[in-house]
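Chemist: To be precise about what I am sending: the file is called query.cif and holds mmCIF, C-alpha atoms and all ligand atoms.
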```
data_start
#
loop_
_atom_site.label_atom_id
_atom_site.label_comp_id
_atom_site.auth_asym_id
_atom_site.auth_seq_id
_atom_site.Cartn_x
_atom_site.Cartn_y
_atom_site.Cartn_z
CA MET A 30 -123.98 57.82 51.17
CA ILE A 31 -123.64 57.27 54.92
CA GLU A 32 -124.02 53.47 54.60
CA ILE A 33 -121.58 53.39 51.70
CA GLN A 34 -118.97 55.34 53.62
CA ARG A 35 -119.44 53.15 56.70
CA ARG A 36 -119.17 49.90 54.76
CA ALA A 37 -116.14 51.11 52.80
CA ALA A 38 -114.47 52.10 56.10
CA GLN A 39 -115.19 48.63 57.48
CA ALA A 40 -113.63 47.05 54.36
CA VAL A 41 -110.53 49.26 54.69
CA LEU A 42 -110.29 48.34 58.37
CA ASP A 43 -110.35 44.66 57.39
CA VAL A 44 -107.47 45.29 54.96
CA LEU A 45 -105.52 47.13 57.69
CA GLU A 46 -106.03 44.00 59.80
CA GLY A 47 -104.53 41.80 57.10
CA HIS A 48 -107.49 40.59 55.01
CA SER A 49 -107.76 40.56 51.23
CA LEU A 50 -110.09 43.29 49.92
CA SER A 51 -111.67 41.05 47.25
CA ALA A 52 -112.46 38.40 49.87
CA VAL A 53 -113.85 41.02 52.27
CA LEU A 54 -116.13 42.48 49.59
CA ALA A 55 -117.22 39.05 48.35
CA ALA A 56 -118.25 38.18 51.92
CA LEU A 57 -120.08 41.53 52.23
CA TRP A 58 -122.09 40.89 49.03
CA LYS A 59 -122.92 37.40 50.28
CA ARG A 60 -124.18 38.70 53.64
CA ASN A 61 -126.22 41.44 51.92
CA PRO A 62 -127.77 39.95 48.79
CA GLY A 63 -130.27 42.82 48.59
CA LEU A 64 -127.57 45.50 48.22
CA ALA A 65 -128.25 47.50 45.02
CA GLY A 66 -125.71 47.17 42.20
CA SER A 67 -125.01 50.92 42.34
CA ASP A 68 -124.30 50.72 46.09
CA ARG A 69 -121.93 47.79 45.58
CA ALA A 70 -120.12 49.74 42.87
CA ALA A 71 -119.84 52.77 45.16
CA ILE A 72 -118.52 50.73 48.11
CA GLN A 73 -116.04 49.03 45.82
CA ASP A 74 -114.85 52.32 44.29
CA LEU A 75 -114.37 53.90 47.72
CA SER A 76 -112.56 50.97 49.32
CA PHE A 77 -110.38 50.32 46.26
CA GLY A 78 -109.58 54.03 45.91
CA THR A 79 -108.68 54.35 49.60
CA CYS A 80 -106.34 51.33 49.35
CA ARG A 81 -104.81 52.75 46.15
CA MET A 82 -104.01 56.08 47.85
CA LEU A 83 -103.37 54.65 51.34
CA GLY A 84 -99.71 55.74 51.47
CA THR A 85 -100.65 59.36 50.81
CA LEU A 86 -103.71 59.16 53.07
CA ARG A 87 -101.68 57.82 55.98
CA ALA A 88 -99.09 60.55 55.54
CA LEU A 89 -101.90 63.12 55.58
CA LEU A 90 -103.47 61.61 58.69
CA ASP A 91 -100.11 61.63 60.48
CA LEU A 92 -99.87 65.35 59.78
CA LEU A 93 -103.43 65.99 60.91
CA LEU A 94 -103.31 64.04 64.17
CA LYS A 95 -101.19 65.08 67.10
CA LYS A 96 -100.56 61.47 68.10
CA PRO A 97 -100.94 58.17 66.23
CA PRO A 98 -104.59 56.98 66.00
CA THR A 99 -105.50 54.52 68.73
CA ASP A 100 -108.90 53.49 67.42
CA ARG A 101 -108.57 51.62 64.12
CA GLU A 102 -112.27 51.98 63.22
CA VAL A 103 -112.02 55.75 63.51
CA GLU A 104 -108.71 55.70 61.63
CA ALA A 105 -110.28 53.75 58.73
CA LEU A 106 -113.25 56.11 58.68
CA LEU A 107 -110.93 59.14 58.48
CA LEU A 108 -108.89 57.55 55.68
CA VAL A 109 -112.01 56.89 53.62
CA ALA A 110 -113.42 60.37 54.30
CA ILE A 111 -110.17 62.13 53.30
CA TYR A 112 -110.08 59.98 50.16
CA GLN A 113 -113.61 61.16 49.38
CA LEU A 114 -112.70 64.80 49.98
CA GLU A 115 -109.62 64.68 47.78
CA TRP A 116 -110.32 62.11 45.06
CA THR A 117 -114.10 61.99 44.55
CA ARG A 118 -116.74 64.51 43.60
CA ALA A 119 -118.78 63.95 46.78
CA ALA A 120 -120.00 67.19 48.41
CA HIS A 121 -117.55 68.14 51.17
CA TYR A 122 -120.20 69.03 53.76
CA ALA A 123 -121.90 65.63 53.22
CA VAL A 124 -118.64 63.69 53.61
CA VAL A 125 -117.89 65.43 56.91
CA ASP A 126 -121.45 65.23 58.19
CA PHE A 127 -121.77 61.51 57.38
CA ALA A 128 -118.39 60.70 58.92
CA VAL A 129 -119.46 62.39 62.16
CA ARG A 130 -122.78 60.52 62.15
CA THR A 131 -121.00 57.24 61.36
CA CYS A 132 -119.01 57.68 64.58
CA ALA A 133 -122.27 57.60 66.50
CA ALA A 134 -123.51 54.59 64.49
CA LEU A 135 -120.28 52.78 65.38
CA GLY A 136 -120.85 53.48 69.07
CA LYS A 137 -117.93 55.94 69.07
CA ALA A 138 -119.77 59.14 69.89
CA SER A 139 -116.68 60.35 71.78
CA ALA A 140 -114.77 60.48 68.48
CA LYS A 141 -117.29 62.81 66.78
CA GLY A 142 -115.40 65.97 67.74
CA LEU A 143 -112.07 64.57 66.57
CA VAL A 144 -113.44 63.38 63.22
CA ASN A 145 -115.15 66.71 62.60
CA ALA A 146 -112.02 68.69 63.54
CA VAL A 147 -109.64 66.57 61.46
CA LEU A 148 -111.77 66.70 58.31
CA ARG A 149 -112.41 70.43 58.58
CA SER A 150 -108.73 71.06 59.20
CA TYR A 151 -107.98 69.00 56.07
CA LEU A 152 -110.34 71.13 53.99
CA ARG A 153 -108.78 74.38 55.30
CA ASN A 154 -105.16 73.32 54.73
CA ARG A 155 -105.29 70.73 51.97
CA GLU A 156 -102.72 72.31 49.61
CA THR A 157 -100.06 72.61 52.32
CA LEU A 158 -100.87 69.21 53.76
CA LEU A 159 -100.66 67.49 50.38
CA THR A 160 -97.31 69.11 49.64
CA ARG A 161 -95.96 67.98 53.01
CA ALA A 162 -97.42 64.47 52.69
CA ARG A 163 -95.73 64.10 49.31
CA ALA A 164 -92.31 64.95 50.74
CA THR A 165 -91.61 61.26 51.33
CA GLU A 166 -91.64 58.67 48.53
CA ALA A 167 -94.22 56.55 50.35
CA GLY A 168 -96.47 59.62 50.65
CA ARG A 169 -95.87 60.71 47.06
CA TYR A 170 -96.29 57.37 45.27
CA SER A 171 -98.52 55.61 47.80
CA TYR A 172 -96.51 52.39 48.15
CA PRO A 173 -94.57 51.00 51.11
CA GLN A 174 -91.01 52.32 51.12
CA TRP A 175 -89.49 48.80 50.77
CA TRP A 176 -91.56 48.21 47.62
CA ILE A 177 -90.38 51.47 46.04
CA ALA A 178 -86.76 50.63 46.92
CA GLU A 179 -87.03 47.11 45.41
CA LEU A 180 -88.43 48.51 42.16
CA ALA A 181 -85.94 51.38 41.99
CA HIS A 182 -83.10 48.88 42.37
CA ALA A 183 -84.50 46.45 39.76
CA TRP A 184 -85.81 48.98 37.23
CA PRO A 185 -83.90 52.27 37.69
CA ASP A 186 -85.20 53.67 34.39
CA ASP A 187 -88.77 52.39 34.66
CA TYR A 188 -89.70 52.27 38.31
CA LEU A 189 -91.61 55.55 38.38
CA ALA A 190 -93.70 54.46 35.38
CA ILE A 191 -94.33 51.10 37.10
CA LEU A 192 -95.45 52.85 40.30
CA GLU A 193 -97.73 55.19 38.37
CA ALA A 194 -99.23 52.38 36.28
CA GLY A 195 -100.04 50.56 39.52
CA ASN A 196 -102.07 53.52 40.76
CA ARG A 197 -104.25 53.84 37.65
CA HIS A 198 -107.58 52.18 37.03
CA PRO A 199 -106.98 48.87 35.23
CA PRO A 200 -107.98 48.38 31.59
CA MET A 201 -110.60 45.74 30.76
CA THR A 202 -109.56 43.36 28.00
CA LEU A 203 -111.49 40.52 26.43
CA ARG A 204 -110.25 37.31 24.90
CA VAL A 205 -112.40 36.23 21.99
CA ASN A 206 -113.18 32.52 22.04
CA ARG A 207 -111.94 31.44 18.62
CA ARG A 208 -114.00 28.27 18.81
CA ALA A 209 -117.14 30.42 18.91
CA THR A 210 -116.56 33.64 16.92
CA THR A 211 -113.96 36.01 15.45
CA PRO A 212 -112.61 39.33 16.76
CA GLU A 213 -114.21 41.16 13.80
CA ARG A 214 -117.65 39.67 14.43
CA TYR A 215 -117.41 40.29 18.16
CA LEU A 216 -116.32 43.92 17.63
CA ALA A 217 -119.48 44.37 15.55
CA MET A 218 -121.57 42.86 18.37
CA LEU A 219 -119.96 45.26 20.84
CA ARG A 220 -120.75 48.21 18.58
CA ASP A 221 -124.38 47.06 18.35
CA ALA A 222 -124.43 47.05 22.17
CA ASP A 223 -123.01 50.61 22.21
CA LEU A 224 -119.69 49.42 23.60
CA GLN A 225 -116.46 50.70 22.06
CA ALA A 226 -113.31 48.59 21.86
CA LYS A 227 -110.17 48.18 19.81
CA GLN A 228 -108.22 45.08 18.86
CA VAL A 229 -104.87 44.93 20.71
CA GLY A 230 -103.83 41.33 20.04
CA PRO A 231 -104.83 38.50 17.70
CA PHE A 232 -107.84 37.67 19.89
CA ALA A 233 -107.64 40.53 22.41
CA LEU A 234 -110.09 43.44 22.48
CA LEU A 235 -109.49 46.41 24.80
CA LEU A 236 -112.73 48.06 25.93
CA ASP A 237 -112.79 51.87 26.08
CA ARG A 238 -114.52 51.60 29.46
CA PRO A 239 -114.86 48.65 31.86
CA VAL A 240 -118.39 47.22 32.10
CA PRO A 241 -119.98 44.47 34.21
CA VAL A 242 -119.66 41.16 32.31
CA GLU A 243 -123.46 40.86 32.13
CA HIS A 244 -123.38 43.80 29.70
CA LEU A 245 -121.11 41.93 27.28
CA PRO A 246 -123.07 40.37 24.42
CA GLY A 247 -122.86 36.58 24.42
CA PHE A 248 -120.77 36.40 27.60
CA ALA A 249 -123.00 33.77 29.21
CA GLN A 250 -122.85 31.77 25.97
CA GLY A 251 -119.04 31.76 26.04
CA LEU A 252 -118.21 34.09 23.15
CA VAL A 253 -115.59 35.94 25.22
CA SER A 254 -113.73 35.87 28.52
CA VAL A 255 -112.19 38.71 30.51
CA GLN A 256 -108.41 38.36 30.44
CA ASP A 257 -105.63 40.92 30.48
CA LEU A 258 -103.54 41.21 27.32
CA ALA A 259 -100.35 40.18 29.16
CA ALA A 260 -102.04 36.99 30.40
CA GLN A 261 -103.17 36.19 26.84
CA TYR A 262 -99.57 35.46 25.81
CA ALA A 263 -99.39 32.34 28.00
CA ALA A 264 -101.34 29.71 26.07
CA PRO A 265 -99.99 30.50 22.56
CA LEU A 266 -96.38 30.35 23.87
CA LEU A 267 -96.83 26.62 24.50
CA ASP A 268 -97.28 25.87 20.73
CA LEU A 269 -99.92 23.24 21.41
CA ARG A 270 -100.86 20.50 18.99
CA ASN A 271 -103.93 18.29 19.04
CA GLY A 272 -103.57 15.22 21.24
CA MET A 273 -100.85 16.61 23.53
CA ARG A 274 -100.90 15.83 27.24
CA VAL A 275 -100.85 19.15 29.03
CA LEU A 276 -100.79 20.23 32.69
CA ASP A 277 -101.99 23.56 34.07
CA ALA A 278 -100.46 23.27 37.54
CA CYS A 279 -101.89 26.38 39.26
CA ALA A 280 -105.09 26.75 37.32
CA ALA A 281 -107.72 28.60 39.34
CA PRO A 282 -109.81 30.56 38.45
CA GLY A 283 -109.16 29.04 35.04
CA GLY A 284 -108.45 31.91 32.64
CA LYS A 285 -105.40 30.24 31.11
CA THR A 286 -106.85 26.71 31.34
CA ALA A 287 -109.75 27.85 29.17
CA HIS A 288 -107.41 29.59 26.73
CA LEU A 289 -105.32 26.38 26.36
CA LEU A 290 -108.48 24.45 25.52
CA GLU A 291 -109.63 27.07 23.02
CA LEU A 292 -106.35 26.65 21.10
CA ALA A 293 -106.18 22.88 20.50
CA ASP A 294 -107.85 19.54 21.27
CA ILE A 295 -105.58 18.57 24.13
CA ASP A 296 -105.74 16.19 27.07
CA LEU A 297 -105.56 18.79 29.85
CA THR A 298 -105.17 18.29 33.59
CA SER A 299 -106.00 21.42 35.60
CA LEU A 300 -104.78 21.48 39.13
CA ASP A 301 -104.98 23.92 42.02
CA ARG A 302 -104.42 23.46 45.71
CA ASP A 303 -107.40 25.71 46.48
CA THR A 304 -110.40 23.43 46.01
CA GLN A 305 -112.87 26.32 46.43
CA ARG A 306 -111.22 28.27 43.63
CA MET A 307 -111.38 25.11 41.48
CA GLN A 308 -115.15 25.64 41.46
CA ARG A 309 -114.50 28.82 39.44
CA VAL A 310 -112.55 26.75 36.90
CA ARG A 311 -115.51 24.39 36.63
CA GLU A 312 -117.91 27.30 36.04
CA ASN A 313 -115.65 28.93 33.45
CA LEU A 314 -115.28 25.70 31.50
CA ARG A 315 -119.03 25.08 31.60
CA ARG A 316 -119.72 28.58 30.23
CA LEU A 317 -117.19 28.08 27.43
CA HIS A 318 -118.31 24.48 26.62
CA LEU A 319 -114.82 23.10 27.31
CA SER A 320 -113.60 20.21 29.43
CA ALA A 321 -110.51 19.11 31.34
CA THR A 322 -109.57 16.74 34.14
CA LEU A 323 -109.77 18.84 37.31
CA ALA A 324 -108.01 18.07 40.58
CA GLY A 325 -107.47 19.85 43.89
CA SER A 326 -103.97 19.24 45.21
CA ASP A 327 -100.59 20.72 46.01
CA ALA A 328 -98.97 20.47 42.57
CA ALA A 329 -95.59 19.68 44.15
CA ASP A 330 -96.99 16.64 45.95
CA LEU A 331 -96.71 14.31 42.94
CA SER A 332 -97.77 11.22 44.88
CA ALA A 333 -101.14 12.87 45.55
CA TRP A 334 -102.19 13.50 41.96
CA TRP A 335 -99.75 12.29 39.26
CA ASP A 336 -100.32 8.99 37.45
CA GLY A 337 -96.70 8.83 36.25
CA ARG A 338 -97.42 9.64 32.58
CA ALA A 339 -95.27 12.54 31.41
CA PHE A 340 -96.71 15.80 30.05
CA ASP A 341 -95.73 17.32 26.70
CA ARG A 342 -96.45 20.81 27.98
CA ILE A 343 -96.74 22.33 31.44
CA LEU A 344 -98.02 25.75 32.42
CA LEU A 345 -96.82 26.86 35.85
CA ASP A 346 -98.61 30.14 36.63
CA ALA A 347 -96.91 30.28 39.99
CA PRO A 348 -98.17 31.84 43.22
CA CYS A 349 -96.35 35.18 43.46
CA SER A 350 -96.37 38.65 45.00
CA ALA A 351 -98.82 39.86 42.28
CA SER A 352 -96.77 43.06 42.14
CA GLY A 353 -97.59 43.40 38.42
CA VAL A 354 -101.33 43.61 39.04
CA VAL A 355 -101.59 46.01 42.01
CA ARG A 356 -103.94 48.28 40.11
CA ARG A 357 -106.43 45.39 40.14
CA HIS A 358 -105.70 44.56 43.80
CA PRO A 359 -104.45 47.75 45.51
CA ASP A 360 -104.65 46.09 48.94
CA ILE A 361 -101.71 43.89 47.92
CA LYS A 362 -99.33 46.83 48.38
CA TRP A 363 -100.20 46.88 52.08
CA LEU A 364 -100.68 43.16 52.71
CA ARG A 365 -97.32 42.03 51.33
CA ARG A 366 -94.20 42.17 53.47
CA GLN A 367 -90.68 42.39 52.13
CA ASP A 368 -89.83 38.98 53.58
CA ASP A 369 -92.69 37.46 51.54
CA LEU A 370 -90.42 37.67 48.49
CA PRO A 371 -87.82 35.08 49.59
CA ARG A 372 -90.63 32.93 50.99
CA LEU A 373 -92.47 33.02 47.66
CA ALA A 374 -89.24 32.33 45.76
CA VAL A 375 -88.74 29.15 47.83
CA GLU A 376 -92.31 28.02 47.05
CA GLN A 377 -91.90 28.76 43.33
CA ALA A 378 -88.64 26.78 43.26
CA ARG A 379 -90.34 23.87 45.06
CA LEU A 380 -93.08 23.80 42.40
CA LEU A 381 -90.60 24.12 39.51
CA ASP A 382 -88.38 21.32 40.86
CA ALA A 383 -91.29 18.92 41.43
CA LEU A 384 -93.09 19.59 38.15
CA TRP A 385 -89.89 19.21 36.14
CA HIS A 386 -90.07 15.47 36.91
CA THR A 387 -93.45 15.25 35.21
CA LEU A 388 -92.29 16.85 31.94
CA ALA A 389 -91.49 14.57 28.98
CA SER A 390 -88.04 14.73 27.45
CA GLY A 391 -88.29 17.30 24.65
CA GLY A 392 -91.30 18.88 26.39
CA LYS A 393 -91.75 22.52 27.42
CA LEU A 394 -92.66 24.17 30.70
CA LEU A 395 -93.85 27.77 30.70
CA TYR A 396 -93.10 29.56 33.97
CA VAL A 397 -95.33 32.59 34.55
CA THR A 398 -95.75 35.18 37.28
CA CYS A 399 -97.71 38.43 37.48
CA SER A 400 -94.75 39.97 39.30
CA VAL A 401 -92.21 42.67 38.50
CA PHE A 402 -89.76 41.65 41.25
CA PRO A 403 -86.67 39.87 39.80
CA ALA A 404 -86.38 37.47 42.78
CA GLU A 405 -89.53 35.74 41.53
CA ASN A 406 -88.60 35.99 37.86
CA GLN A 407 -85.14 36.32 36.31
CA ALA A 408 -83.31 35.22 39.48
CA GLN A 409 -85.67 32.29 39.97
CA ILE A 410 -85.08 31.01 36.44
CA ALA A 411 -81.32 31.59 36.60
CA ALA A 412 -81.16 29.49 39.78
CA PHE A 413 -83.29 26.76 38.18
CA LEU A 414 -81.07 26.58 35.09
CA GLY A 415 -78.00 26.45 37.33
CA ALA A 416 -79.40 23.43 39.18
CA HIS A 417 -80.88 21.49 36.20
CA ARG A 418 -78.48 20.49 33.47
CA ASP A 419 -81.32 19.04 31.40
CA ALA A 420 -83.06 22.43 31.20
CA GLY A 421 -82.66 24.99 28.43
CA VAL A 422 -84.41 28.23 27.59
CA ALA A 423 -86.60 28.26 24.49
CA PRO A 424 -87.37 31.49 22.62
CA LEU A 425 -90.68 33.20 23.36
CA THR A 426 -92.83 33.42 20.25
CA PRO A 427 -95.12 35.19 19.78
CA PHE A 428 -94.01 37.76 22.38
CA PRO A 429 -93.24 41.49 22.30
CA ASN A 430 -89.65 41.19 23.64
CA LYS A 431 -86.80 38.75 24.31
CA THR A 432 -86.58 39.29 28.07
CA GLY A 433 -89.93 37.75 29.00
CA GLN A 434 -90.71 40.68 31.30
CA LEU A 435 -93.74 42.83 30.59
CA LEU A 436 -93.97 45.94 32.74
CA PRO A 437 -97.47 47.28 33.47
CA ASP A 438 -98.70 50.05 31.18
CA SER A 439 -101.94 51.39 29.73
CA ARG A 440 -102.46 48.25 27.61
CA HIS A 441 -101.50 45.40 29.91
CA ASP A 442 -100.51 44.23 33.40
CA GLY A 443 -96.99 43.33 34.57
CA PHE A 444 -96.11 39.68 33.81
CA TYR A 445 -93.01 37.53 33.48
CA TYR A 446 -92.59 34.54 31.17
CA ALA A 447 -89.82 31.96 30.81
CA LEU A 448 -90.18 28.97 28.49
CA LEU A 449 -88.04 26.03 29.64
CA HIS A 450 -87.17 23.18 27.35
CA LYS A 451 -86.32 19.69 28.66
CA LEU A 452 -83.28 18.45 26.83
CA PRO A 453 -83.10 14.76 25.83
CA ALA A 454 -81.65 12.59 28.62
CA ALA A 455 -78.28 11.99 26.89
CA ALA A 456 -77.56 15.72 26.99
CA GLY A 457 -78.62 16.07 30.65
C1 LIG B 1 -101.73 33.27 39.66
S1 LIG B 1 -102.96 32.24 40.29
C2 LIG B 1 -103.37 31.28 38.87
C3 LIG B 1 -104.23 31.99 37.85
C4 LIG B 1 -104.71 31.04 36.76
N1 LIG B 1 -103.61 30.37 36.12
C5 LIG B 1 -105.52 31.75 35.70
O1 LIG B 1 -105.01 32.08 34.65
O2 LIG B 1 -106.73 31.96 35.94
C6 LIG B 1 -102.02 31.13 41.23
C7 LIG B 1 -102.81 29.93 41.73
O3 LIG B 1 -101.86 29.03 42.31
C8 LIG B 1 -102.54 28.28 43.28
N2 LIG B 1 -101.51 27.60 44.09
C9 LIG B 1 -100.69 28.15 45.01
N3 LIG B 1 -99.84 27.21 45.50
C10 LIG B 1 -100.14 26.05 44.87
C11 LIG B 1 -99.62 24.72 44.94
N4 LIG B 1 -98.61 24.42 45.75
N5 LIG B 1 -100.17 23.78 44.13
C12 LIG B 1 -101.20 24.08 43.30
N6 LIG B 1 -101.73 25.32 43.21
C13 LIG B 1 -101.21 26.29 43.97
C14 LIG B 1 -103.37 29.31 43.99
O4 LIG B 1 -104.45 28.69 44.67
C15 LIG B 1 -103.82 30.19 42.81
O5 LIG B 1 -105.10 29.80 42.38
#
```
Show this structure as structure tokens.
Ligand SMILES: C[S@@+](CC[C@H](N)C(=O)[O-])C[C@H]1O[C@@H](n2cnc3c(N)ncnc32)[C@H](O)[C@@H]1O

Modeler:
Amino acid sequence: MIEIQRRAAQAVLDVLEGHSLSAVLAALWKRNPGLAGSDRAAIQDLSFGTCRMLGTLRALLDLLLKKPPTDREVEALLLVAIYQLEWTRAAHYAVVDFAVRTCAALGKASAKGLVNAVLRSYLRNRETLLTRARATEAGRYSYPQWWIAELAHAWPDDYLAILEAGNRHPPMTLRVNRRATTPERYLAMLRDADLQAKQVGPFALLLDRPVPVEHLPGFAQGLVSVQDLAAQYAAPLLDLRNGMRVLDACAAPGGKTAHLLELADIDLTSLDRDTQRMQRVRENLRRLHLSATLAGSDAADLSAWWDGRAFDRILLDAPCSASGVVRRHPDIKWLRRQDDLPRLAVEQARLLDALWHTLASGGKLLYVTCSVFPAENQAQIAAFLGAHRDAGVAPLTPFPNKTGQLLPDSRHDGFYYALLHKLPAAAG
């Protein structure tokens, strides 16, 4: 366990220094190809869990330390160790003992006494400390205070449920590839593999328990993809027909691109500014036996990639705060800053404005975010409609509500959808 605790603490330290947890872990796996699958899972659980509960953990550490921590490595180690003591079944004596020994391994022998004292004090006083840590909203819900305030303002009736959903473990949902099989047949294959699931959408199967994709029957052959139920609404909303020219403007890693291609025989251009992530699109399409024209470019820089032929349909899955998917990326809560929201809104508007030029008259553009902040969603679309007289809103079908906003719950992530219709020129 000592190595696992040390590596998890290093990953948490990297997050505290501003790095994305997924990228940090991906780099760790790459540097250590021999790391056992069970060790990877344990490091991931510990670092994800610590980030999920970081607001509470920091409040606890503030109560336990007389002055703010000066050594960030020791701080990260304490955060991980307190997480282990409170939220895992690890033996308490082992957690404390390993944390003390990790100090020495880190070349911080002078911190051994402090680490030992803090963790033992936590174990002696945990009830009182937890009650005191939960006296503030940030300590109770484990989100930055600005985030809680934004949600409370936007969703006064739902914000507590949104916060709680963001702190749960995410569900794992599959999208059945209708070109390859049916939900009924795939459910039977899952049962044969001792995996339980239920159908939650026309082609969506919710697994009782998440599993590594290698355990899914026929995954490598392209029978299914992993995709949240909320994300599975995107492609059908574009009512595709064979032969249409379609653009997926922010496509990587390719979940929605593949879904579009599963639905109809379309001429699809998939674009993303991140050329490395485009490799994931390539791999996904290969696995699913699908093809599209792929390009790496800033979608708003039309001169760099557009041949001037208009698209019948456009999917703009815009870069956003990802506030609807924090349970999948708990580090996001701590990496985002409040002033990222107006900055992101400007970028989303830039993409919307540019891509609107590439849409055929009578065509449709689906704007999507995995955010629950109105500045990126309802306010963004209201501003766009105000500035574009040739834009109208088309009804969302099939979709569970008229607002386009899905809040995260036990079945799906938080997503926003708006379907924009380009009115014929005479009406513009
Ligand atoms: C929400 S993710 C897309 C997820 C993808 N649609 C899927 O379903 O798998 C947003 C993507 O937008 C890309 N992106 C951000 N700014 C962009 C820009 N100006 N032009 C093109 N892509 C951009 C990011 O690299 C990222 O891959």

Chemist: Within 6 Å of ligand LIG 1 (chain B), counting all atoms listed in the file: which residues, as a ChimeraX atom specification?

Modeler: /A:278-285,301-303,326-329,346-348

Chemist: Please identify all polymer residues within 6 Å of A:Leu452, counting only C-alpha atoms, omitting same-chain residues fewer than 2 positions from it, and present them as a PyMOL selection string.

Modeler: chain A and resi 391+419-420

Chemist: Nearest residue to A:Leu425 out of A:Leu266, A:Leu370, A:Ile72, A:Ala259, using all atoms listed in the file?

Modeler: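 Of the candidates, the smallest distance to A:Leu425 is held by A:Leu266.
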
Chemist: For A:Arg101, please output as a count of residues only all residues within 10 Å (counting only C-alpha atoms; exclusion window: fewer than 4 positions along the same chain).

Modeler: 10

Chemist: Can you list every residue of stretch 304-356 of chain A that has an atom at most 9 Å from stretch 187-208 of chain A, with its nearest atom pair and the distance in Å to one decimal, using all atoms listed in the file, ordered by chain then number, as CSV?

Modeler:
```
residue,atom,partner,partner_atom,distance
A:Leu317,CA,A:Asn206,CA,8.1
A:Ser352,CA,A:Gly195,CA,8.6
A:Gly353,CA,A:Gly195,CA,7.6
A:Val354,CA,A:Gly195,CA,7.1
A:Val355,CA,A:Gly195,CA,5.4
A:Arg356,CA,A:Gly195,CA,4.6
```

Chemist: With distances taken over all atoms listed in the file, which of A:Asn313, A:Thr426, A:Thr286, A:Thr117 is nearest to A:Leu448?

Modeler: A:Thr426

Chemist: Using atom CA of A:Leu57 and atom CA of A:Ala40 as the two end points, give the distance in Å to one decimal.

Modeler: 8.8 Å

Chemist: Quote the spacing between atom CA of A:Phe444 and atom CA of A:Gly247 in Å to one decimal place.

Modeler: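 Those two atoms sit 28.5 Å apart.
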
Chemist: Quick check, in Å to one decimal: how far apart do atom CA of A:Leu276 and atom CA of A:Thr298 lie?

Modeler: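 Distance between the two atoms: 4.9 Å.
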
Chemist: Return the single residue from A:Leu300, A:Ile177, A:Ala339, A:Leu64 that is closest to A:Leu394, with distances computed using all atoms listed in the file.

Modeler: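 Selected residue with least distance to A:Leu394: A:Ala339.
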
Chemist: From the options A:Trp363, A:Tyr172, A:Phe413, A:Phe428, which residue's atoms come nearest to A:Ala383, counting only C-alpha atoms?

Modeler: A:Phe413

Chemist: Which residue, A:Asn271, A:Thr85, A:Asn406, A:Ser400, has the smallest gap to A:Glu166 when you use all atoms listed in the file?

Modeler: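 Selected residue with least distance to A:Glu166: A:Thr85.
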
Chemist: Given only C-alpha atoms as the basis, pick out the residue of A:Asp277, A:Asp74, A:Glu243, A:Asp126 nearest to A:Tyr112.

Modeler: A:Asp74

Chemist: Could you list, as a list in words, every residue within 12 Å of stretch 133-141 of chain A, counting all atoms listed in the file and ignoring same-chain residues fewer than 2 positions away?

Modeler: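 These residues fall inside the cut-off: Ile31, Glu32, Gln34, Arg35, Arg36, Ala38, Gln39, Pro98, Thr99, Asp100, Arg101, Glu102, Val103, Glu104, Leu106, Leu107, Val125, Asp126, Phe127, Ala128, Val129, Arg130, Thr131, Leu143, Val144, Asn145, Ala146, Val147 and Leu148 of chain A.
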
Chemist: What lies within 8 Å of A:Val275 using all atoms listed in the file, ignoring chain neighbours under 3 positions off, as a VMD selection string?

Modeler: chain A and resid 295 to 298 340 to 344
